[in-house]
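**Student:** Provided herewith: query32.cif, mmCIF, C-alpha atoms.
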```
data_input
#
loop_
_atom_site.label_atom_id
_atom_site.label_comp_id
_atom_site.auth_asym_id
_atom_site.auth_seq_id
_atom_site.Cartn_x
_atom_site.Cartn_y
_atom_site.Cartn_z
CA MET B 1 123.29 57.82 84.32
CA ALA B 2 125.07 60.87 85.76
CA GLN B 3 123.36 64.20 85.24
CA TYR B 4 126.65 65.91 84.28
CA ASP B 5 129.79 64.90 82.39
CA TYR B 6 131.94 65.94 85.36
CA ASP B 7 131.55 66.65 89.05
CA LEU B 8 134.14 69.42 88.80
CA PHE B 9 135.53 71.30 85.83
CA VAL B 10 138.53 73.50 86.64
CA ILE B 11 139.48 76.33 84.32
CA GLY B 12 143.17 77.08 84.85
CA ALA B 13 145.98 74.73 85.89
CA GLY B 14 147.84 77.05 88.24
CA SER B 15 148.65 76.34 91.87
CA GLY B 16 145.12 76.70 93.23
CA GLY B 17 143.36 74.97 90.35
CA VAL B 18 145.70 71.99 90.31
CA ARG B 19 145.51 71.54 94.08
CA ALA B 20 141.70 71.67 94.04
CA ALA B 21 141.54 69.26 91.10
CA ARG B 22 143.96 66.74 92.61
CA MET B 23 142.25 66.68 95.98
CA ALA B 24 138.74 66.51 94.52
CA ALA B 25 139.78 63.61 92.28
CA GLY B 26 141.35 61.93 95.29
CA PHE B 27 138.00 62.16 97.06
CA GLY B 28 136.41 60.31 94.15
CA ALA B 29 135.08 63.18 92.04
CA ARG B 30 135.11 63.09 88.24
CA VAL B 31 137.41 66.02 87.46
CA ALA B 32 138.65 67.77 84.33
CA VAL B 33 141.22 70.58 84.17
CA ALA B 34 141.55 72.83 81.13
CA GLU B 35 144.73 74.84 80.46
CA ASP B 36 145.69 76.52 77.21
CA ARG B 37 149.01 78.07 78.22
CA TYR B 38 151.25 76.15 80.59
CA MET B 39 150.90 73.71 83.46
CA GLY B 40 151.58 75.19 86.88
CA GLY B 41 150.36 78.69 86.16
CA THR B 42 152.18 81.91 86.93
CA CYS B 43 154.27 80.63 89.83
CA VAL B 44 155.93 77.76 87.98
CA ASN B 45 156.34 79.45 84.61
CA VAL B 46 156.70 83.22 84.95
CA GLY B 47 156.63 83.81 88.69
CA CYS B 48 158.12 82.48 91.88
CA VAL B 49 160.13 79.55 90.49
CA PRO B 50 162.04 81.20 87.62
CA LYS B 51 162.33 84.40 89.65
CA LYS B 52 164.03 82.58 92.53
CA LEU B 53 166.38 80.84 90.09
CA TYR B 54 167.33 84.22 88.65
CA VAL B 55 167.81 85.64 92.15
CA TYR B 56 170.28 82.83 92.86
CA ALA B 57 172.10 83.66 89.63
CA SER B 58 172.29 87.37 90.45
CA GLU B 59 173.74 86.78 93.92
CA PHE B 60 176.90 85.17 92.57
CA ARG B 61 178.43 88.53 91.67
CA HIS B 62 178.53 89.57 95.32
CA ALA B 63 179.74 86.12 96.32
CA PHE B 64 182.69 86.31 93.92
CA GLU B 65 183.58 89.77 95.24
CA ASP B 66 183.18 88.88 98.92
CA ALA B 67 185.21 85.67 98.64
CA ARG B 68 188.44 87.66 98.38
CA GLY B 69 188.21 88.66 102.03
CA PHE B 70 188.11 84.97 102.96
CA GLY B 71 191.28 84.13 101.09
CA TRP B 72 189.93 83.16 97.68
CA ASP B 73 191.72 84.69 94.71
CA SER B 74 188.39 85.17 92.99
CA LYS B 75 187.49 87.42 90.11
CA VAL B 76 184.02 88.15 88.80
CA PRO B 77 183.77 86.12 85.58
CA ALA B 78 181.71 86.99 82.53
CA PHE B 79 177.99 86.28 82.76
CA ASP B 80 176.26 84.35 79.97
CA TRP B 81 172.54 85.20 79.77
CA GLU B 82 171.76 82.43 77.29
CA THR B 83 173.02 79.73 79.68
CA LEU B 84 170.83 80.95 82.53
CA ARG B 85 167.80 81.45 80.31
CA ASP B 86 168.03 78.06 78.59
CA ASN B 87 168.79 76.11 81.78
CA LYS B 88 165.75 77.76 83.33
CA LYS B 89 163.60 76.63 80.40
CA THR B 90 164.76 73.05 80.90
CA GLU B 91 163.87 73.15 84.58
CA ILE B 92 160.43 74.67 83.96
CA SER B 93 159.69 72.01 81.34
CA ARG B 94 160.53 69.38 83.94
CA LEU B 95 158.11 70.97 86.41
CA ASN B 96 155.37 71.25 83.77
CA ALA B 97 155.63 67.51 83.22
CA ILE B 98 155.42 66.87 86.97
CA TYR B 99 152.15 68.79 87.16
CA ASP B 100 150.80 66.70 84.29
CA ARG B 101 151.78 63.50 86.08
CA LEU B 102 150.30 64.64 89.39
CA LEU B 103 146.91 65.28 87.82
CA ASP B 104 147.02 62.09 85.81
CA GLY B 105 148.01 60.11 88.88
CA ALA B 106 145.09 61.55 90.83
CA GLY B 107 142.69 60.54 88.07
CA ALA B 108 141.91 64.04 86.78
CA GLU B 109 141.54 64.55 83.04
CA VAL B 110 143.81 67.25 81.59
CA ILE B 111 142.51 69.11 78.55
CA GLU B 112 145.05 71.27 76.75
CA ALA B 113 142.66 73.84 75.34
CA ARG B 114 141.08 77.17 76.12
CA ALA B 115 137.91 76.81 78.15
CA SER B 116 135.11 79.32 78.62
CA ILE B 117 131.80 79.19 80.41
CA ALA B 118 128.90 78.70 78.00
CA GLY B 119 126.12 78.82 80.60
CA PRO B 120 125.15 77.42 84.00
CA HIS B 121 126.96 74.08 84.37
CA GLU B 122 128.25 74.33 80.77
CA VAL B 123 131.83 74.76 79.60
CA ARG B 124 132.95 75.29 76.04
CA VAL B 125 136.35 73.67 75.57
CA GLY B 126 137.93 73.38 72.16
CA ASN B 127 135.13 72.58 69.70
CA ARG B 128 132.81 70.87 72.17
CA THR B 129 130.60 71.72 75.11
CA VAL B 130 130.67 69.69 78.31
CA THR B 131 128.63 69.86 81.49
CA SER B 132 129.77 69.90 85.10
CA GLU B 133 128.00 70.06 88.45
CA ARG B 134 130.60 72.54 89.69
CA ILE B 135 132.85 74.89 87.73
CA LEU B 136 135.95 76.32 89.38
CA ILE B 137 137.59 79.44 87.92
CA ALA B 138 141.29 79.52 88.75
CA THR B 139 142.74 81.58 85.90
CA GLY B 140 144.99 83.75 88.06
CA GLY B 141 146.21 87.23 87.27
CA TRP B 142 147.75 88.99 84.30
CA PRO B 143 150.27 91.87 84.16
CA PHE B 144 148.76 95.31 83.70
CA VAL B 145 150.47 97.98 81.56
CA PRO B 146 148.85 101.44 81.63
CA PRO B 147 147.79 102.78 78.23
CA ILE B 148 150.53 105.37 77.73
CA PRO B 149 151.87 106.23 74.27
CA GLY B 150 154.37 103.56 73.24
CA ALA B 151 153.11 101.01 75.79
CA GLU B 152 153.61 98.27 73.18
CA LEU B 153 157.38 98.72 73.58
CA ALA B 154 157.27 97.64 77.21
CA ILE B 155 157.75 94.10 78.45
CA THR B 156 156.19 92.51 81.53
CA SER B 157 157.16 89.76 83.94
CA ASN B 158 155.69 87.32 81.40
CA GLU B 159 158.43 88.08 78.87
CA ILE B 160 161.46 89.18 80.86
CA PHE B 161 162.74 85.70 81.69
CA ASP B 162 163.14 84.76 78.03
CA LEU B 163 164.56 87.85 76.35
CA GLU B 164 166.70 87.06 73.33
CA HIS B 165 169.43 89.44 74.45
CA PHE B 166 170.48 90.58 77.91
CA PRO B 167 169.48 94.25 78.48
CA GLN B 168 172.57 96.17 79.54
CA ARG B 169 170.32 99.10 80.47
CA LEU B 170 167.02 98.22 82.11
CA VAL B 171 164.35 100.65 83.26
CA VAL B 172 161.87 99.11 85.71
CA VAL B 173 158.59 100.96 86.16
CA GLY B 174 156.69 100.14 89.34
CA GLY B 175 157.08 100.05 93.09
CA GLY B 176 155.68 96.68 94.10
CA TYR B 177 157.56 93.54 95.02
CA ILE B 178 157.80 92.29 91.42
CA ALA B 179 159.42 95.52 90.22
CA THR B 180 161.77 95.61 93.19
CA GLU B 181 162.82 91.98 92.80
CA PHE B 182 163.63 92.37 89.10
CA ALA B 183 165.55 95.56 89.76
CA GLY B 184 167.79 93.59 92.12
CA ILE B 185 168.06 90.59 89.82
CA PHE B 186 169.22 92.48 86.75
CA HIS B 187 171.50 94.76 88.74
CA GLY B 188 173.15 91.65 90.18
CA LEU B 189 173.52 90.15 86.71
CA GLY B 190 175.37 93.25 85.55
CA ALA B 191 172.80 95.57 84.00
CA LYS B 192 172.55 99.28 84.72
CA VAL B 193 169.14 99.42 86.42
CA THR B 194 166.88 102.39 87.04
CA GLN B 195 163.67 101.79 88.99
CA LEU B 196 160.94 104.42 88.68
CA TYR B 197 157.96 104.74 91.00
CA ARG B 198 155.32 107.45 91.07
CA GLY B 199 154.88 107.36 94.87
CA PRO B 200 157.18 108.74 97.58
CA LEU B 201 158.49 105.28 98.59
CA PHE B 202 158.13 101.83 97.07
CA LEU B 203 156.58 98.65 98.54
CA ARG B 204 153.38 100.30 99.74
CA GLY B 205 151.70 98.11 102.35
CA PHE B 206 154.94 96.92 103.93
CA ASP B 207 156.26 98.32 107.20
CA ASP B 208 157.71 101.79 106.70
CA ASP B 209 161.02 100.93 108.41
CA VAL B 210 161.41 97.97 106.04
CA ARG B 211 160.71 100.13 102.99
CA GLN B 212 163.19 102.80 104.03
CA HIS B 213 165.91 100.34 104.96
CA LEU B 214 165.65 98.44 101.67
CA ALA B 215 165.74 101.66 99.64
CA GLN B 216 168.91 102.67 101.48
CA GLU B 217 170.59 99.32 100.86
CA MET B 218 169.62 99.13 97.19
CA ARG B 219 170.94 102.62 96.51
CA LYS B 220 174.11 101.79 98.38
CA ASP B 221 174.60 98.80 96.09
CA GLY B 222 174.17 100.89 92.95
CA VAL B 223 170.52 100.60 91.88
CA ASP B 224 169.24 103.96 90.62
CA LEU B 225 166.00 104.36 92.59
CA ARG B 226 163.81 107.30 91.64
CA PHE B 227 160.59 108.03 93.47
CA GLU B 228 157.77 110.48 92.69
CA VAL B 229 158.49 110.03 88.99
CA ASP B 230 155.88 109.52 86.26
CA VAL B 231 156.52 108.04 82.80
CA THR B 232 154.56 109.83 80.06
CA ARG B 233 155.62 107.90 76.94
CA LEU B 234 157.92 105.28 75.44
CA SER B 235 159.38 105.68 71.97
CA ARG B 236 161.98 104.15 69.69
CA GLY B 237 165.21 106.10 69.89
CA THR B 238 168.48 105.96 68.05
CA ASP B 239 169.95 104.00 70.94
CA GLY B 240 167.19 101.71 72.15
CA ILE B 241 163.99 102.84 73.85
CA ASP B 242 163.54 106.41 75.06
CA VAL B 243 161.63 106.73 78.33
CA THR B 244 160.14 110.20 78.67
CA LEU B 245 159.37 111.41 82.18
CA ALA B 246 156.83 113.98 83.36
CA ASP B 247 159.52 116.62 83.81
CA GLY B 248 160.50 116.29 80.14
CA SER B 249 163.74 114.40 80.75
CA THR B 250 164.45 111.08 79.06
CA LEU B 251 166.21 107.83 79.84
CA ALA B 252 167.67 105.48 77.23
CA ALA B 253 167.10 101.79 77.81
CA ASP B 254 167.58 98.47 76.06
CA ALA B 255 164.39 97.20 77.71
CA VAL B 256 161.61 98.71 79.80
CA LEU B 257 159.92 96.41 82.28
CA TYR B 258 156.47 97.46 83.43
CA ALA B 259 155.63 95.90 86.78
CA THR B 260 152.70 98.13 87.64
CA GLY B 261 150.37 95.55 89.06
CA ARG B 262 148.34 92.55 87.95
CA LYS B 263 144.65 92.17 87.22
CA PRO B 264 142.41 89.10 87.37
CA HIS B 265 142.69 87.16 84.10
CA LEU B 266 139.06 87.16 82.94
CA GLU B 267 139.39 87.80 79.22
CA GLY B 268 137.49 85.28 77.11
CA LEU B 269 136.20 83.45 80.15
CA GLY B 270 132.53 83.74 79.18
CA LEU B 271 131.35 85.41 82.37
CA GLU B 272 128.76 87.28 80.33
CA ASN B 273 126.93 83.96 79.92
CA ILE B 274 126.26 83.57 83.65
CA ASP B 275 125.46 85.74 86.66
CA VAL B 276 128.90 86.23 88.21
CA LYS B 277 129.38 89.53 90.01
CA LEU B 278 132.72 91.35 90.12
CA THR B 279 134.20 93.54 92.83
CA GLU B 280 134.95 97.21 92.22
CA ASN B 281 138.55 96.17 91.52
CA GLY B 282 137.50 93.82 88.73
CA ALA B 283 138.00 90.58 90.67
CA ILE B 284 135.42 87.81 90.95
CA ALA B 285 133.34 88.30 94.08
CA VAL B 286 133.07 85.17 96.25
CA ASP B 287 131.87 84.27 99.74
CA GLU B 288 133.95 82.55 102.41
CA HIS B 289 133.46 79.22 100.61
CA PHE B 290 134.62 80.59 97.21
CA GLN B 291 131.07 80.49 95.85
CA THR B 292 130.29 83.18 93.28
CA SER B 293 126.88 84.78 92.77
CA GLN B 294 126.17 82.06 90.17
CA PRO B 295 125.15 78.77 91.82
CA GLY B 296 127.61 76.00 90.99
CA VAL B 297 130.40 78.37 89.92
CA PHE B 298 133.35 78.93 92.26
CA ALA B 299 136.59 80.91 92.05
CA LEU B 300 139.82 81.09 94.04
CA GLY B 301 143.41 82.28 93.88
CA ASP B 302 144.57 85.55 92.31
CA VAL B 303 141.38 85.83 90.26
CA ILE B 304 139.40 86.75 93.41
CA GLY B 305 141.72 89.65 94.24
CA GLY B 306 143.05 88.50 97.61
CA MET B 307 146.65 87.92 98.66
CA GLU B 308 148.53 87.04 95.49
CA LEU B 309 150.63 84.30 97.03
CA THR B 310 151.03 80.73 95.83
CA PRO B 311 150.60 79.16 99.29
CA VAL B 312 147.36 81.10 99.73
CA ALA B 313 146.00 79.71 96.45
CA LEU B 314 147.08 76.22 97.52
CA GLY B 315 145.31 76.63 100.85
CA GLU B 316 142.17 77.85 99.11
CA GLY B 317 142.25 74.93 96.69
CA MET B 318 142.51 72.46 99.58
CA ALA B 319 139.72 74.11 101.56
CA PHE B 320 137.43 74.14 98.51
CA ALA B 321 137.98 70.46 97.70
CA ARG B 322 137.59 69.33 101.28
CA ARG B 323 134.35 71.21 101.74
CA GLU B 324 132.74 70.36 98.40
CA PHE B 325 133.88 66.75 98.00
CA ASN B 326 134.76 65.44 101.45
CA ALA B 327 132.09 67.02 103.69
CA MET B 328 134.68 68.90 105.75
CA ASN B 329 133.94 72.37 107.07
CA ALA B 330 137.32 73.60 105.88
CA ALA B 331 138.27 77.29 105.84
CA VAL B 332 141.40 79.30 105.13
CA GLU B 333 142.79 81.42 107.96
CA TYR B 334 144.20 84.61 106.51
CA ASP B 335 145.76 86.06 109.66
CA PHE B 336 149.53 85.94 110.17
CA ILE B 337 150.36 84.79 106.66
CA PRO B 338 154.13 85.22 106.20
CA THR B 339 155.58 86.52 102.99
CA ALA B 340 158.97 87.28 101.48
CA VAL B 341 160.26 89.70 98.90
CA PHE B 342 163.32 88.32 97.12
CA SER B 343 164.82 91.75 96.82
CA GLN B 344 168.51 92.19 97.52
CA PRO B 345 168.74 92.11 100.48
CA ASN B 346 165.65 89.95 101.10
CA ILE B 347 162.56 90.93 103.06
CA GLY B 348 160.71 88.55 105.36
CA THR B 349 157.57 89.67 107.16
CA VAL B 350 154.62 88.30 109.13
CA GLY B 351 151.82 89.97 111.03
CA PHE B 352 151.00 93.64 111.46
CA THR B 353 153.03 96.59 110.27
CA GLU B 354 153.68 99.29 112.85
CA ALA B 355 150.92 101.49 111.47
CA GLU B 356 148.45 98.59 111.38
CA ALA B 357 149.35 97.52 114.92
CA ARG B 358 148.81 101.02 116.30
CA ALA B 359 145.39 101.14 114.66
CA GLU B 360 144.45 97.65 115.89
CA PHE B 361 145.91 97.54 119.40
CA GLY B 362 146.59 101.15 120.41
CA GLU B 363 149.56 100.83 122.75
CA ILE B 364 152.43 98.85 121.28
CA THR B 365 156.12 98.37 122.05
CA LEU B 366 158.75 98.27 119.32
CA TYR B 367 162.07 96.46 119.26
CA LYS B 368 164.53 97.24 116.48
CA SER B 369 168.02 96.14 115.58
CA THR B 370 170.34 97.12 112.73
CA PHE B 371 173.67 95.35 112.39
CA ARG B 372 176.33 94.20 109.96
CA PRO B 373 176.04 90.48 109.22
CA MET B 374 179.01 88.43 110.39
CA LYS B 375 179.78 87.32 106.84
CA HIS B 376 180.40 90.90 105.79
CA THR B 377 183.05 91.54 108.46
CA LEU B 378 185.59 89.68 106.30
CA GLY B 379 183.80 89.98 102.99
CA GLY B 380 183.87 93.76 103.33
CA ARG B 381 180.38 94.47 102.02
CA ASP B 382 178.73 97.56 103.46
CA GLU B 383 175.29 96.02 103.92
CA LYS B 384 173.19 96.15 107.07
CA THR B 385 170.50 93.77 108.28
CA PHE B 386 167.36 95.21 109.90
CA MET B 387 165.01 93.43 112.32
CA LYS B 388 161.87 94.61 114.04
CA LEU B 389 159.44 93.16 116.58
CA ILE B 390 156.03 94.71 117.29
CA VAL B 391 154.40 93.80 120.60
CA ASP B 392 150.86 94.45 121.84
CA GLN B 393 151.39 95.99 125.29
CA ALA B 394 148.12 94.72 126.74
CA SER B 395 148.76 91.03 126.02
CA ASP B 396 152.55 90.99 125.50
CA ARG B 397 151.82 89.09 122.29
CA VAL B 398 154.24 89.57 119.39
CA VAL B 399 151.98 90.74 116.56
CA GLY B 400 154.52 91.71 113.89
CA VAL B 401 157.96 90.53 112.81
CA HIS B 402 159.88 92.19 109.99
CA MET B 403 163.36 91.61 108.59
CA VAL B 404 165.56 92.89 105.79
CA GLY B 405 168.68 90.84 105.25
CA PRO B 406 170.12 87.56 103.95
CA ASP B 407 167.76 84.58 104.26
CA ALA B 408 164.97 86.75 105.67
CA GLY B 409 162.29 84.53 104.16
CA GLU B 410 163.82 81.37 105.61
CA ILE B 411 164.06 82.92 109.07
CA VAL B 412 160.61 84.50 109.18
CA GLN B 413 158.89 81.28 108.03
CA GLY B 414 159.81 79.65 111.34
CA ILE B 415 158.88 82.70 113.38
CA ALA B 416 155.48 82.78 111.64
CA ILE B 417 154.60 79.54 113.45
CA ALA B 418 155.26 81.24 116.78
CA LEU B 419 153.07 84.22 115.88
CA LYS B 420 150.30 81.95 114.64
CA ALA B 421 150.46 80.15 118.00
CA GLY B 422 150.18 83.44 119.90
CA ALA B 423 153.72 83.68 121.26
CA THR B 424 154.46 86.50 123.70
CA LYS B 425 157.55 88.66 123.95
CA ALA B 426 158.37 86.90 127.23
CA GLN B 427 158.39 83.58 125.35
CA PHE B 428 160.67 85.06 122.68
CA ASP B 429 162.99 86.26 125.47
CA SER B 430 163.06 82.87 127.18
CA THR B 431 164.00 81.08 123.97
CA ILE B 432 167.69 80.24 123.65
CA GLY B 433 169.20 81.50 120.42
CA ILE B 434 171.41 79.64 117.96
CA HIS B 435 174.85 81.25 117.98
CA PRO B 436 176.30 82.69 115.84
CA THR B 437 173.34 83.37 113.57
CA ALA B 438 171.44 86.45 112.50
CA ALA B 439 168.18 84.79 113.56
CA GLU B 440 169.18 84.76 117.23
CA GLU B 441 168.75 88.53 117.26
CA PHE B 442 164.99 87.98 117.33
CA VAL B 443 165.25 86.34 120.78
CA THR B 444 167.88 88.69 122.21
CA MET B 445 166.26 92.10 121.62
CA ARG B 446 165.64 93.09 125.24
CA ASP B 447 165.40 96.88 125.20
CA PRO B 448 162.37 98.65 123.68
CA TRP B 449 163.14 101.08 120.93
CA GLN B 450 163.09 104.64 122.22
CA GLY B 451 162.18 106.61 119.09
#
```
Take the structure in this file and express it as structure tokens.
**Tutor:**
Amino acid sequence: MAQYDYDLFVIGAGSGGVRAARMAAGFGARVAVAEDRYMGGTCVNVGCVPKKLYVYASEFRHAFEDARGFGWDSKVPAFDWETLRDNKKTEISRLNAIYDRLLDGAGAEVIEARASIAGPHEVRVGNRTVTSERILIATGGWPFVPPIPGAELAITSNEIFDLEHFPQRLVVVGGGYIATEFAGIFHGLGAKVTQLYRGPLFLRGFDDDVRQHLAQEMRKDGVDLRFEVDVTRLSRGTDGIDVTLADGSTLAADAVLYATGRKPHLEGLGLENIDVKLTENGAIAVDEHFQTSQPGVFALGDVIGGMELTPVALGEGMAFARREFNAMNAAVEYDFIPTAVFSQPNIGTVGFTEAEARAEFGEITLYKSTFRPMKHTLGGRDEKTFMKLIVDQASDRVVGVHMVGPDAGEIVQGIAIALKAGATKAQFDSTIGIHPTAAEEFVTMRDPWQG
């Protein structure tokens, strides 16, 4: 008779948890997955997937306007929020069902209930307690709203996709990629958008040229960006929600989105019943194999406070399952992980920022290009694309690639393979470009930037 009910019990059916569960079950493990909210986690339900759908929706306004320069007698039609919102719900429901089928097909048991850790190798789920040789915590992150007066009036990225009414005036508080993406989405859909950030420039951690270029383009398009601004309170006004700023001025809004960061989702998890240590940032501390300080308890994904990216959680889930259930010495390589911000225009980036490269390599060479995309020559839009290469002088290796412009994420994904393989600037230069494309600029930048 087996010592435990399960070989692996996964708490949380997000990207990392589902991938770990599926692979472990495929290796023959007895696996259960508990989820009390929705299958697929943040990405599928209130993150990347619905966000990208809403980005697509918001880009049509520019497309209708730009089509006139190409001979189309187009007018910008009325936008119907309910159609977008409800069609999105239908698509997410379809994806939820796919996740269910994937787990079922792999032989993992899905338990639709809240699970918490009752003790070493013990999980309380619903009204029963089960045992498992290994417990994997994959509960992800949760939006954080600072405790200012009136904070209960704010919404987060969990709620914004399903608002009953479209907010004609939206105030976005925050300077990260989530705040910046939603500012672009709702501006494109027709709202008057004001984005507030307490720092001098948003998107901290991205390359400074990228941050400055995007701010310029967003302002040019009509988003009201305000930096070095603090919100002191929210209150009900006669015309919606009043947003009071530190200087005493107020803004009136139909909705206030707080996108001021996310924290590991640990509430009600039962960590007090075991010896799991946390980092100073409140994330679960793990070693390189995702083992916590409690033997038999593991954690991965956003809950461990690393890069909050779905592909990273997927990679961690695969590495965990391979190591624990297939005797493979699998590890996740965190260098040269590409990422995109679906701002408008998009950001695509991989490798070191300029500041990071100077600190790491010392002498570097920069290549920069700013140009008007070919599409805009007839469309008439005053939007510029920005590209940047960062090269380590000693090795000639390209160590950073950054882009702001249409399809930046699609372009940089391919270039990330080259950086991962150690491509040099000479190899970039010897590569024939595809003409006419924006992407060919990355292999035709010959002259170092003289700044």
**Student:** Can you tell me which residues surround segment 113-115 of chain B at a distance of at most 8 Å, considering all atoms listed in the file, apart from same-chain residues fewer than 2 positions away, and format the answer as a ChimeraX atom specification?
**Tutor:** /B:11,34-36,111,117,123-126,269
**Student:** Using the selection just defined, write its residues with C-alpha atoms as a short mmCIF file (atom, residue, chain, number, x, y, z; two decimals), in the coordinates of the input.
**Tutor:**
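result.cif was written with the following content:
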```cif
data_model
loop_
_atom_site.label_atom_id
_atom_site.label_comp_id
_atom_site.auth_asym_id
_atom_site.auth_seq_id
_atom_site.Cartn_x
_atom_site.Cartn_y
_atom_site.Cartn_z
CA ILE B 11 139.48 76.33 84.32
CA ALA B 34 141.55 72.83 81.13
CA GLU B 35 144.73 74.84 80.46
CA ASP B 36 145.69 76.52 77.21
CA ILE B 111 142.51 69.11 78.55
CA ILE B 117 131.80 79.19 80.41
CA VAL B 123 131.83 74.76 79.60
CA ARG B 124 132.95 75.29 76.04
CA VAL B 125 136.35 73.67 75.57
CA GLY B 126 137.93 73.38 72.16
CA LEU B 269 136.20 83.45 80.15
#
```
**Student:** With distances taken over all atoms listed in the file, which of B:Gly16, B:Gly400, B:Gly28, B:Gly379 is nearest to Trp72 of chain B?
**Tutor:**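 Ranking B:Gly16, B:Gly400, B:Gly28, B:Gly379 by distance to Trp72 of chain B, first place goes to B:Gly379.
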**Student:** So which residues touch Gly282 of chain B within 12 Å, counting all atoms listed in the file, skipping near sequence neighbours fewer than 6 positions away, as a VMD selection string?
**Tutor:** chain B and resid 141 262 to 267 276 302 to 306
**Student:** Which one is closest to Lys420 of chain B: B:Glu440, B:Asp447, B:Asp230, B:Asp335? Count only C-alpha atoms.
**Tutor:**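 Going through B:Glu440, B:Asp447, B:Asp230, B:Asp335 one by one, the smallest distance to Lys420 of chain B is for B:Asp335.
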**Student:** One decimal, Å: what's the distance from atom CA of Thr339 of chain B over to atom CA of Phe60 of chain B, could you say?
**Tutor:**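 Result for atom CA of Thr339 of chain B versus atom CA of Phe60 of chain B: 23.8 Å, one decimal.
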**Student:** Using the chain letters and numbers from the file, which residues does the PyMOL selection byres ((chain B and resi 257) around 9) grab, as a ChimeraX atom specification?
**Tutor:** /B:154-157,160,170-174,179,182,255-256,258-259
**Student:** Go through the shown structure with the PyMOL selection byres ((chain B and resi 399) around 8) and write out the matching residues as a PyMOL selection string.
**Tutor:** chain B and resi 351-352+357+389-392+397-398+400-401+419
**Student:** If we count all atoms listed in the file, what is near segment 214-221 of chain B at a cut-off of 8 Å, once residues fewer than 6 positions away on the same chain are taken out, given as number ranges by chain?
**Tutor:** B: 184, 344-345, 383-384, 404
**Student:** Between atom CA of Val341 of chain B and atom CA of Gly315 of chain B, what is the distance, to one decimal in Å?
**Tutor:**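 Value for the atom CA of Val341 of chain B-atom CA of Gly315 of chain B distance: 20.0 Å.
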**Student:** Neighbouring residues of Pro311 of chain B were defined as those with any atom within 10 Å, considering all atoms listed in the file; residues of the same chain fewer than 6 positions away were excluded. Please report them as a PyMOL selection string.
**Tutor:** chain B and resi 15-16+301+317+337-339
**Student:** Taking (182.1, 89.2, 88.1) in the coordinates of the supplied file, I want to know which residues reach to within 9 Å of it, counting all atoms listed in the file; could you give the answer as a PyMOL selection string?
**Tutor:** chain B and resi 60-62+64-65+74-79+189-190
**Student:** What would the file look like if the residues just selected were written as a compact mmCIF listing (two decimals), keeping the file's coordinate frame with C-alpha atoms?
**Tutor:**
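Generated output (part-v8.txt):
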```txt
# COMPACT_ATOMS: atom_id res chain seq x y z
CA PHE B 60 176.90 85.17 92.57
CA ARG B 61 178.43 88.53 91.67
CA HIS B 62 178.53 89.57 95.32
CA PHE B 64 182.69 86.31 93.92
CA GLU B 65 183.58 89.77 95.24
CA SER B 74 188.39 85.17 92.99
CA LYS B 75 187.49 87.42 90.11
CA VAL B 76 184.02 88.15 88.80
CA PRO B 77 183.77 86.12 85.58
CA ALA B 78 181.71 86.99 82.53
CA PHE B 79 177.99 86.28 82.76
CA LEU B 189 173.52 90.15 86.71
CA GLY B 190 175.37 93.25 85.55
```
**Student:** For Thr232 of chain B, find every residue with an atom within 9 Å (counting all atoms listed in the file), except residues of its own chain fewer than 3 positions away, and show them as a list in words.
**Tutor:** Ile148, Pro149, Val243, Thr244, Leu245, Ala246 and Gly248 of chain B
